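Dropping data_18.pdb in here (PDB, C-alpha atoms):
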MODEL        1
ATOM      1  CA  MET A  19     149.244  35.161  99.378
ATOM      2  CA  ALA A  20     146.335  35.533  96.996
ATOM      3  CA  ALA A  21     147.029  37.007  93.577
ATOM      4  CA  TYR A  22     144.605  39.334  91.908
ATOM      5  CA  LEU A  23     144.390  41.488  88.816
ATOM      6  CA  CYS A  24     142.646  44.748  88.136
ATOM      7  CA  PHE A  25     142.218  45.870  84.536
ATOM      8  CA  ILE A  26     141.015  49.180  83.150
ATOM      9  CA  SER A  27     140.359  49.422  79.424
ATOM     10  CA  THR A  28     139.555  52.633  77.603
ATOM     11  CA  LEU A  29     138.599  53.641  74.081
ATOM     12  CA  THR A  30     139.243  57.341  74.659
ATOM     13  CA  ALA A  31     142.093  59.249  73.078
ATOM     14  CA  GLY A  32     144.980  60.542  75.123
ATOM     15  CA  GLN A  33     145.725  64.183  75.767
ATOM     16  CA  PHE A  34     148.851  65.954  76.865
ATOM     17  CA  GLY A  35     148.671  68.349  79.768
ATOM     18  CA  LEU A  36     150.944  69.925  82.316
ATOM     19  CA  HIS A  37     149.417  68.133  85.279
ATOM     20  CA  SER A  38     151.417  65.307  86.857
ATOM     21  CA  VAL A  39     150.078  63.040  89.595
ATOM     22  CA  GLU A  40     152.307  62.360  92.588
ATOM     23  CA  GLY A  41     149.681  61.972  95.279
ATOM     24  CA  VAL A  42     149.456  58.188  95.580
ATOM     25  CA  TRP A  43     149.596  57.527  99.271
ATOM     26  CA  PRO A  44     151.406  55.871 100.886
ATOM     27  CA  LEU A  45     154.412  56.096  98.620
ATOM     28  CA  PRO A  46     154.639  53.045  96.305
ATOM     29  CA  GLN A  47     157.783  51.030  95.721
ATOM     30  CA  THR A  48     158.101  52.573  92.248
ATOM     31  CA  PHE A  49     155.955  55.245  90.670
ATOM     32  CA  THR A  50     156.199  56.774  87.177
ATOM     33  CA  SER A  51     153.626  59.269  85.936
ATOM     34  CA  SER A  52     153.510  60.751  82.443
ATOM     35  CA  PRO A  53     151.975  64.096  81.362
ATOM     36  CA  GLU A  54     149.890  62.045  78.931
ATOM     37  CA  ARG A  55     146.388  61.946  80.343
ATOM     38  CA  TYR A  56     142.970  60.492  79.574
ATOM     39  CA  PRO A  57     139.572  62.060  80.271
ATOM     40  CA  LEU A  58     137.080  60.233  82.486
ATOM     41  CA  ASP A  59     133.339  60.664  82.194
ATOM     42  CA  PRO A  60     131.407  59.503  85.287
ATOM     43  CA  GLN A  61     128.451  58.656  83.053
ATOM     44  CA  ALA A  62     130.620  56.334  80.960
ATOM     45  CA  PHE A  63     132.728  54.789  83.708
ATOM     46  CA  TYR A  64     131.931  51.290  84.917
ATOM     47  CA  PHE A  65     133.266  48.561  87.151
ATOM     48  CA  SER A  66     133.116  44.933  86.077
ATOM     49  CA  TYR A  67     134.528  41.517  86.898
ATOM     50  CA  GLY A  68     137.162  40.049  84.600
ATOM     51  CA  ARG A  69     136.273  36.993  82.554
ATOM     52  CA  ARG A  70     138.797  34.903  84.484
ATOM     53  CA  SER A  71     137.839  36.227  87.896
ATOM     54  CA  ALA A  72     136.838  33.593  90.442
ATOM     55  CA  ALA A  73     134.608  36.176  92.145
ATOM     56  CA  ARG A  74     131.631  37.348  90.114
ATOM     57  CA  GLU A  75     128.864  39.940  90.269
ATOM     58  CA  GLY A  76     127.010  39.337  93.501
ATOM     59  CA  CYS A  77     130.181  39.150  95.592
ATOM     60  CA  SER A  78     128.879  41.465  98.307
ATOM     61  CA  VAL A  79     132.212  42.781  99.557
ATOM     62  CA  LEU A  80     133.586  43.719  96.140
ATOM     63  CA  ASP A  81     130.229  45.027  94.911
ATOM     64  CA  SER A  82     130.102  47.266  97.981
ATOM     65  CA  ALA A  83     133.674  48.386  97.320
ATOM     66  CA  PHE A  84     132.736  49.403  93.782
ATOM     67  CA  LYS A  85     129.873  51.511  95.111
ATOM     68  CA  ARG A  86     132.027  53.035  97.828
ATOM     69  CA  TYR A  87     134.867  54.017  95.522
ATOM     70  CA  PHE A  88     132.762  55.524  92.759
ATOM     71  CA  PRO A  89     131.980  58.722  94.749
ATOM     72  CA  LEU A  90     135.597  58.812  95.947
ATOM     73  CA  ILE A  91     136.777  58.839  92.336
ATOM     74  CA  PHE A  92     134.019  61.226  91.223
ATOM     75  CA  PRO A  93     133.035  63.297  94.285
ATOM     76  CA  ASP A  94     130.651  65.496  92.254
ATOM     77  CA  TYR A  95     128.729  62.575  90.789
ATOM     78  CA  THR A  96     126.861  59.571  92.206
ATOM     79  CA  PHE A  97     125.172  56.510  90.744
ATOM     80  CA  ALA A  98     121.666  57.099  89.461
ATOM     81  CA  ASN A  99     119.256  55.955  92.177
ATOM     82  CA  GLY A 100     122.237  54.508  94.005
ATOM     83  CA  VAL A 101     122.329  51.527  91.630
ATOM     84  CA  LEU A 102     125.717  50.208  90.553
ATOM     85  CA  GLN A 103     125.849  49.396  86.847
ATOM     86  CA  PHE A 104     128.000  46.671  85.325
ATOM     87  CA  SER A 105     129.189  46.773  81.741
ATOM     88  CA  GLN A 106     131.861  45.157  79.580
ATOM     89  CA  GLU A 107     131.413  47.455  76.563
ATOM     90  CA  LYS A 108     131.636  51.033  77.841
ATOM     91  CA  PRO A 109     134.304  53.642  76.983
ATOM     92  CA  PHE A 110     136.147  53.307  80.297
ATOM     93  CA  ASN A 111     135.828  50.051  82.132
ATOM     94  CA  VAL A 112     137.568  49.021  85.378
ATOM     95  CA  GLU A 113     137.951  45.249  85.346
ATOM     96  CA  ILE A 114     138.606  43.361  88.572
ATOM     97  CA  SER A 115     139.863  39.773  88.659
ATOM     98  CA  VAL A 116     140.622  37.714  91.754
ATOM     99  CA  ASP A 117     141.679  34.089  92.010
ATOM    100  CA  ASN A 118     139.657  33.305  95.134
ATOM    101  CA  GLY A 119     135.917  32.980  94.706
ATOM    102  CA  ASP A 120     135.173  32.849  98.432
ATOM    103  CA  CYS A 121     133.678  36.306  98.965
ATOM    104  CA  ASP A 122     133.473  35.671 102.690
ATOM    105  CA  GLY A 123     137.254  35.789 102.674
ATOM    106  CA  TYR A 124     137.304  39.467 101.673
ATOM    107  CA  PRO A 125     138.595  41.913 102.606
ATOM    108  CA  ASN A 126     141.990  40.618 103.693
ATOM    109  CA  GLU A 127     145.643  41.591 103.548
ATOM    110  CA  ASP A 128     145.677  40.919  99.795
ATOM    111  CA  SER A 129     142.330  42.494  98.996
ATOM    112  CA  SER A 130     141.620  44.046  95.610
ATOM    113  CA  GLU A 131     140.366  47.102  97.466
ATOM    114  CA  ARG A 132     143.999  48.207  97.642
ATOM    115  CA  CYS A 133     143.874  48.448  93.860
ATOM    116  CA  LEU A 134     140.725  50.573  93.956
ATOM    117  CA  GLU A 135     142.243  52.878  96.562
ATOM    118  CA  THR A 136     145.365  53.431  94.493
ATOM    119  CA  PHE A 137     143.370  54.114  91.342
ATOM    120  CA  SER A 138     141.099  56.560  93.161
ATOM    121  CA  GLN A 139     144.161  58.579  94.163
ATOM    122  CA  LEU A 140     145.301  58.841  90.541
ATOM    123  CA  VAL A 141     142.126  60.569  89.353
ATOM    124  CA  TYR A 142     141.986  64.371  89.537
ATOM    125  CA  GLN A 143     139.933  67.328  88.306
ATOM    126  CA  ASP A 144     141.089  70.323  86.307
ATOM    127  CA  ASP A 145     139.984  73.915  86.916
ATOM    128  CA  PHE A 146     136.792  73.291  84.932
ATOM    129  CA  GLY A 147     135.747  70.218  86.916
ATOM    130  CA  SER A 148     136.643  67.637  84.253
ATOM    131  CA  TYR A 149     138.138  64.345  85.461
ATOM    132  CA  PHE A 150     141.419  62.933  84.186
ATOM    133  CA  VAL A 151     143.864  60.148  84.873
ATOM    134  CA  ASN A 152     147.469  60.213  83.693
ATOM    135  CA  LYS A 153     149.358  57.396  82.040
ATOM    136  CA  THR A 154     150.976  55.806  85.084
ATOM    137  CA  GLU A 155     153.118  52.835  85.989
ATOM    138  CA  ILE A 156     153.300  51.623  89.592
ATOM    139  CA  GLU A 157     154.892  48.572  91.156
ATOM    140  CA  ASP A 158     154.055  48.016  94.773
ATOM    141  CA  PHE A 159     153.484  45.496  97.543
ATOM    142  CA  PRO A 160     153.241  45.629 101.337
ATOM    143  CA  ARG A 161     156.281  44.944 103.446
ATOM    144  CA  PHE A 162     154.169  43.422 106.223
ATOM    145  CA  GLN A 163     150.841  41.612 106.000
ATOM    146  CA  PHE A 164     149.541  42.913 109.358
ATOM    147  CA  ARG A 165     149.126  46.716 109.466
ATOM    148  CA  ALA A 166     146.941  47.729 112.379
ATOM    149  CA  ILE A 167     145.556  50.687 114.262
ATOM    150  CA  LEU A 168     144.380  50.361 117.863
ATOM    151  CA  LEU A 169     141.552  52.631 118.955
ATOM    152  CA  ASP A 170     140.739  52.832 122.661
ATOM    153  CA  THR A 171     137.104  53.533 123.582
ATOM    154  CA  SER A 172     137.338  52.132 127.102
ATOM    155  CA  ARG A 173     138.446  55.434 128.642
ATOM    156  CA  HIS A 174     136.597  58.037 126.588
ATOM    157  CA  TYR A 175     133.438  57.576 124.581
ATOM    158  CA  LEU A 176     133.840  57.903 120.814
ATOM    159  CA  PRO A 177     130.725  58.388 118.650
ATOM    160  CA  VAL A 178     130.050  55.776 116.007
ATOM    161  CA  GLN A 179     130.611  58.284 113.196
ATOM    162  CA  VAL A 180     134.067  59.113 114.538
ATOM    163  CA  ILE A 181     134.985  55.422 114.517
ATOM    164  CA  LEU A 182     133.625  55.012 110.980
ATOM    165  CA  LYS A 183     135.656  57.994 109.783
ATOM    166  CA  THR A 184     138.739  56.399 111.310
ATOM    167  CA  LEU A 185     138.031  53.211 109.362
ATOM    168  CA  ASP A 186     137.745  55.251 106.162
ATOM    169  CA  ALA A 187     141.051  56.976 106.876
ATOM    170  CA  MET A 188     142.666  53.582 107.490
ATOM    171  CA  ALA A 189     141.512  52.432 104.059
ATOM    172  CA  TYR A 190     142.946  55.570 102.443
ATOM    173  CA  SER A 191     146.347  54.704 103.932
ATOM    174  CA  LYS A 192     145.872  50.940 103.342
ATOM    175  CA  PHE A 193     145.896  49.826 106.947
ATOM    176  CA  ASN A 194     144.110  46.486 107.078
ATOM    177  CA  VAL A 195     143.497  45.584 110.750
ATOM    178  CA  PHE A 196     141.319  47.497 113.215
ATOM    179  CA  HIS A 197     142.044  46.673 116.877
ATOM    180  CA  TRP A 198     139.149  47.930 118.975
ATOM    181  CA  HIS A 199     140.165  48.239 122.640
ATOM    182  CA  ILE A 200     136.722  48.180 124.251
ATOM    183  CA  VAL A 201     137.381  46.962 127.806
ATOM    184  CA  ASP A 202     139.778  48.237 130.474
ATOM    185  CA  ASP A 203     139.675  49.206 134.150
ATOM    186  CA  PRO A 204     137.597  52.404 133.639
ATOM    187  CA  SER A 205     135.064  50.814 131.272
ATOM    188  CA  PHE A 206     131.918  48.740 131.574
ATOM    189  CA  PRO A 207     132.520  44.984 131.205
ATOM    190  CA  TYR A 208     131.929  43.489 127.784
ATOM    191  CA  GLN A 209     130.874  39.939 127.031
ATOM    192  CA  SER A 210     130.645  38.865 123.402
ATOM    193  CA  LEU A 211     127.468  36.912 122.623
ATOM    194  CA  THR A 212     128.982  35.693 119.373
ATOM    195  CA  PHE A 213     132.282  34.585 120.920
ATOM    196  CA  PRO A 214     131.499  33.959 124.619
ATOM    197  CA  ASP A 215     134.838  32.198 125.226
ATOM    198  CA  LEU A 216     136.864  34.847 123.461
ATOM    199  CA  SER A 217     139.091  35.658 126.432
ATOM    200  CA  SER A 218     139.459  32.141 127.818
ATOM    201  CA  LYS A 219     140.952  30.342 124.831
ATOM    202  CA  ILE A 220     144.494  30.828 123.608
ATOM    203  CA  PRO A 221     145.079  29.044 120.273
ATOM    204  CA  LYS A 222     148.366  27.323 119.575
ATOM    205  CA  ASP A 223     149.177  29.707 116.735
ATOM    206  CA  THR A 224     148.813  32.786 118.956
ATOM    207  CA  VAL A 225     150.729  35.830 117.744
ATOM    208  CA  LEU A 226     152.687  37.563 120.499
ATOM    209  CA  HIS A 227     152.461  41.332 120.789
ATOM    210  CA  ILE A 228     155.255  43.582 122.072
ATOM    211  CA  TRP A 229     153.557  46.529 123.749
ATOM    212  CA  LYS A 230     156.164  48.232 125.894
ATOM    213  CA  GLY A 231     159.855  49.027 126.113
ATOM    214  CA  VAL A 232     162.441  51.354 124.649
ATOM    215  CA  GLN A 233     164.320  50.398 121.499
ATOM    216  CA  ALA A 234     166.942  48.152 123.153
ATOM    217  CA  GLN A 235     164.240  46.346 125.144
ATOM    218  CA  TYR A 236     161.822  45.606 122.316
ATOM    219  CA  ARG A 237     164.680  44.540 120.036
ATOM    220  CA  GLU A 238     165.750  42.030 122.692
ATOM    221  CA  GLU A 239     162.166  40.785 122.937
ATOM    222  CA  LEU A 240     161.895  40.445 119.150
ATOM    223  CA  SER A 241     165.049  38.344 119.143
ATOM    224  CA  ARG A 242     163.918  36.148 122.043
ATOM    225  CA  ILE A 243     160.356  35.542 120.785
ATOM    226  CA  THR A 244     161.291  34.786 117.188
ATOM    227  CA  LYS A 245     164.106  32.480 118.317
ATOM    228  CA  ALA A 246     161.383  30.429 120.002
ATOM    229  CA  GLY A 247     159.608  30.189 116.630
ATOM    230  CA  MET A 248     156.672  32.447 117.556
ATOM    231  CA  ARG A 249     155.148  35.046 115.273
ATOM    232  CA  VAL A 250     155.211  38.559 116.656
ATOM    233  CA  LEU A 251     153.742  42.044 116.224
ATOM    234  CA  LEU A 252     155.447  45.269 117.253
ATOM    235  CA  ALA A 253     153.550  48.151 118.860
ATOM    236  CA  ALA A 254     155.956  49.599 121.436
ATOM    237  CA  PRO A 255     157.496  52.383 119.291
ATOM    238  CA  TRP A 256     154.147  53.602 117.914
ATOM    239  CA  TYR A 257     152.203  54.935 120.887
ATOM    240  CA  ILE A 258     151.091  58.061 119.091
ATOM    241  CA  ASN A 259     148.833  59.199 121.919
ATOM    242  CA  HIS A 260     152.091  60.449 123.468
ATOM    243  CA  ILE A 261     152.756  64.060 122.522
ATOM    244  CA  SER A 262     156.150  65.696 122.871
ATOM    245  CA  TYR A 263     157.532  69.009 121.754
ATOM    246  CA  GLY A 264     158.318  69.547 118.071
ATOM    247  CA  GLN A 265     157.857  67.194 115.136
ATOM    248  CA  ASP A 266     157.888  63.997 117.136
ATOM    249  CA  TRP A 267     156.231  62.068 114.300
ATOM    250  CA  ARG A 268     159.573  61.914 112.481
ATOM    251  CA  ASN A 269     160.741  59.302 114.984
ATOM    252  CA  TYR A 270     158.077  56.881 113.797
ATOM    253  CA  TYR A 271     159.683  56.700 110.366
ATOM    254  CA  THR A 272     163.032  55.530 111.680
ATOM    255  CA  VAL A 273     161.615  52.369 113.282
ATOM    256  CA  GLN A 274     162.767  49.142 111.637
ATOM    257  CA  PRO A 275     160.730  46.195 113.017
ATOM    258  CA  GLN A 276     163.211  43.658 111.648
ATOM    259  CA  ASN A 277     166.319  45.427 112.907
ATOM    260  CA  PHE A 278     167.253  43.050 115.719
ATOM    261  CA  SER A 279     169.754  40.280 116.323
ATOM    262  CA  GLY A 280     168.497  37.145 114.607
ATOM    263  CA  THR A 281     168.480  35.027 111.461
ATOM    264  CA  GLU A 282     166.530  35.840 108.322
ATOM    265  CA  GLU A 283     164.054  33.118 109.265
ATOM    266  CA  GLN A 284     163.503  34.822 112.612
ATOM    267  CA  LYS A 285     162.846  38.154 110.950
ATOM    268  CA  LYS A 286     160.200  36.600 108.723
ATOM    269  CA  LEU A 287     158.244  35.859 111.910
ATOM    270  CA  VAL A 288     157.700  39.599 112.450
ATOM    271  CA  ILE A 289     154.398  39.856 110.589
ATOM    272  CA  GLY A 290     153.742  43.561 111.138
ATOM    273  CA  GLY A 291     152.950  46.241 113.646
ATOM    274  CA  GLU A 292     150.277  48.294 115.300
ATOM    275  CA  VAL A 293     149.768  52.010 115.779
ATOM    276  CA  CYS A 294     148.256  52.605 119.232
ATOM    277  CA  MET A 295     145.937  55.456 120.141
ATOM    278  CA  TRP A 296     145.219  54.958 123.837
ATOM    279  CA  GLY A 297     142.327  56.983 125.145
ATOM    280  CA  GLU A 298     143.366  58.594 128.439
ATOM    281  CA  TYR A 299     143.603  62.029 126.813
ATOM    282  CA  VAL A 300     141.753  61.410 123.553
ATOM    283  CA  ASP A 301     138.118  61.911 122.655
ATOM    284  CA  ALA A 302     136.150  62.950 119.561
ATOM    285  CA  THR A 303     137.512  66.513 119.710
ATOM    286  CA  ASN A 304     141.165  65.604 119.170
ATOM    287  CA  LEU A 305     141.267  62.027 117.869
ATOM    288  CA  THR A 306     141.658  62.755 114.156
ATOM    289  CA  PRO A 307     144.423  65.397 114.280
ATOM    290  CA  ARG A 308     146.357  63.401 116.849
ATOM    291  CA  LEU A 309     145.958  60.045 115.115
ATOM    292  CA  TRP A 310     146.842  61.233 111.623
ATOM    293  CA  ARG A 311     149.407  63.919 112.432
ATOM    294  CA  GLY A 312     152.271  61.728 111.243
ATOM    295  CA  ILE A 313     151.188  58.134 111.309
ATOM    296  CA  GLN A 314     153.817  55.515 110.471
ATOM    297  CA  ALA A 315     152.511  53.910 107.308
ATOM    298  CA  GLU A 316     155.781  53.503 105.481
ATOM    299  CA  PRO A 317     157.713  51.297 107.951
ATOM    300  CA  LEU A 318     154.918  48.720 107.665
ATOM    301  CA  TYR A 319     154.504  48.978 103.892
ATOM    302  CA  VAL A 320     157.673  49.870 102.063
ATOM    303  CA  GLY A 321     160.100  50.284 104.915
ATOM    304  CA  HIS A 322     162.235  53.284 105.743
ATOM    305  CA  CYS A 323     164.172  54.364 102.671
ATOM    306  CA  LYS A 324     166.170  57.566 102.377
ATOM    307  CA  HIS A 325     164.102  59.076  99.567
ATOM    308  CA  GLU A 326     160.856  58.286 101.361
ATOM    309  CA  TYR A 327     161.920  59.932 104.595
ATOM    310  CA  GLN A 328     163.178  63.021 102.806
ATOM    311  CA  GLU A 329     159.920  63.410 100.892
ATOM    312  CA  VAL A 330     157.827  62.810 103.984
ATOM    313  CA  ALA A 331     159.872  65.272 106.017
ATOM    314  CA  ALA A 332     159.455  67.883 103.305
ATOM    315  CA  ASP A 333     155.770  67.378 102.634
ATOM    316  CA  GLY A 334     154.446  66.284 106.032
ATOM    317  CA  LYS A 335     152.896  63.157 104.576
ATOM    318  CA  ALA A 336     153.042  59.406 105.230
ATOM    319  CA  GLY A 337     152.542  56.528 102.790
ATOM    320  CA  GLN A 338     152.349  53.021 101.233
ATOM    321  CA  SER A 339     150.587  50.950  98.553
ATOM    322  CA  LEU A 340     150.092  47.378  97.405
ATOM    323  CA  GLY A 341     150.491  45.453  94.178
ATOM    324  CA  ALA A 342     151.761  46.313  90.719
ATOM    325  CA  ILE A 343     149.965  48.876  88.610
ATOM    326  CA  ALA A 344     150.357  50.065  85.050
ATOM    327  CA  LEU A 345     147.980  52.542  83.481
ATOM    328  CA  THR A 346     148.300  52.884  79.719
ATOM    329  CA  PRO A 347     145.905  53.855  76.895
ATOM    330  CA  GLN A 348     144.813  50.214  76.762
ATOM    331  CA  SER A 349     144.894  48.872  80.280
ATOM    332  CA  PHE A 350     145.407  49.331  83.976
ATOM    333  CA  TYR A 351     146.496  46.240  85.821
ATOM    334  CA  PHE A 352     147.175  45.388  89.424
ATOM    335  CA  ILE A 353     149.011  42.264  90.512
TER     336      ILE A 353
ENDMDL
END
Would you mind writing the structure in this file as structure tokens?
Amino acid sequence: MAAYLCFISTLTAGQFGLHSVEGVWPLPQTFTSSPERYPLDPQAFYFSYGRRSAAREGCSVLDSAFKRYFPLIFPDYTFANGVLQFSQEKPFNVEISVDNGDCDGYPNEDSSERCLETFSQLVYQDDFGSYFVNKTEIEDFPRFQFRAILLDTSRHYLPVQVILKTLDAMAYSKFNVFHWHIVDDPSFPYQSLTFPDLSSKIPKDTVLHIWKGVQAQYREELSRITKAGMRVLLAAPWYINHISYGQDWRNYYTVQPQNFSGTEEQKKLVIGGEVCMWGEYVDATNLTPRLWRGIQAEPLYVGHCKHEYQEVAADGKAGQSLGAIALTPQSFYFI
């Protein structure tokens, strides 16, 4: 697993206010926010690469992430002429360091974008439109490396903008794999020009996917597959295109992918899960409310813990994060 650091240094003085920030989503492993806060000025806020970072300015994926997150942090302000500025000597500087200089390898399950997403959720505006961030300490990491959403366009057409909005929403909740189900019986055939043999080759390190079955059945499958030494993904309990009466989303939070009969080594072979939105009864008119009505982020990130479920049940939210964060008057770091 790649390690990476994210530093924020500031020369501004702290202020005390009544506002506390508890909106980091999904819920981190540990989260401590102080009333002590620090003002942010969009005109004096810059992203930069750390001196020890293997990736440098010109890394297209991270540069694009900086541009994308600036308007998310400051929705009322954009870069002048759309040009991202880099600086090491400004009042508030977000410093990103990664230990892998191969920009083609980003984003991945350990991407620094998780750091940017978490920081963007810490920034807020007061009643006068001024931006602030509170002194905050966060420790976090994902429970599973593979956290996917399946979107089915084989049965109902989905406009490109709807798909792009889904990708944005995945980033906000730190999902990191998009499974695009393009072809099925009702759809036109699809042949990839880039990967013409995509469907005819099965690599030796294939990951098996459990799609169907009630709890007893998929637990038996998890035990059998991992006993054979195969890596596995679980999707069966997260078919959220199914709608039942009442708050059915609560059931998604009780799923424990590693709760099956097997050794600890077997359970390590469960690398994650997938939320499935099949398209028989879904199109652009109802995709978003159905997909995000109670999506199971926490079982794949921090697991089902009593305090998490109680807070989710009370607030109607779902959550996770990644890394370790501490925001102080001097620095913000992410490991």
* **Option closest in space to Glu75 (chain A), from A:Ile91, A:Arg161, A:Pro307, A:Ser115 [counting only C-alpha atoms]** => A:Ser115
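Listed by chain and then by number, the residues chosen by the PyMOL selection byres ((chain A and resi 176-179) around 12) in this file are Leu169, Asp170, Thr171, Ser172, Arg173, His174, Tyr175, Val180, Ile181, Leu182, Lys183, Thr184, Leu185, Asp186, Trp198, His199, Ile200, Gly297, Val300, Asp301, Ala302, Thr303, Asn304, Leu305 and Thr306 of chain A.
Put simply, CA of Trp267 (chain A) is 12.0 Å away from CA of Val293 (chain A).
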Provide an axis-aligned box for all listed atoms of region 305-308 of chain A, padding each side by 4 Å; report its centre and its edge lengths in Å to one decimal, as lines of an AutoDock Vina configuration file.
center_x = 143.8
center_y = 63.7
center_z = 116.0
size_x = 13.1
size_y = 11.4
size_z = 11.7
* State, in Å with one decimal place, the distance from CA of Gln61 (chain A) to CA of Asp81 (chain A). =>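 CA of Gln61 (chain A) sits 18.2 Å away from CA of Asp81 (chain A).
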* Return as a count of residues only the set of residues that the PyMOL selection byres ((chain A and resi 58) around 8) yields on the displayed structure. => 11
* Distance in Å - CA of Trp256 (chain A) versus CA of Gly291 (chain A) ->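 So the two atoms, CA of Trp256 (chain A) and CA of Gly291 (chain A), lie 8.6 Å apart.
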* Explicit residue set for the PyMOL selection byres ((chain A and resi 194) around 7), as a list of chain:residue names -> A:Glu127, A:Phe164, A:Arg165, A:Ala166, A:Lys192, A:Phe193, A:Val195, A:Phe196
* Asked: From the list A:Asp266, A:Glu157, A:Asp117, A:Asp223, which residue is nearest Pro46 (chain A) when using only C-alpha atoms?
  -> A:Glu157
* Asked: A:Thr224, A:Asn259, A:Ser279, A:Asn269: which is nearest Arg242 (chain A), counting all atoms listed in the file?
  ->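 For Arg242 (chain A), the nearest of the given residues is A:Ser279.
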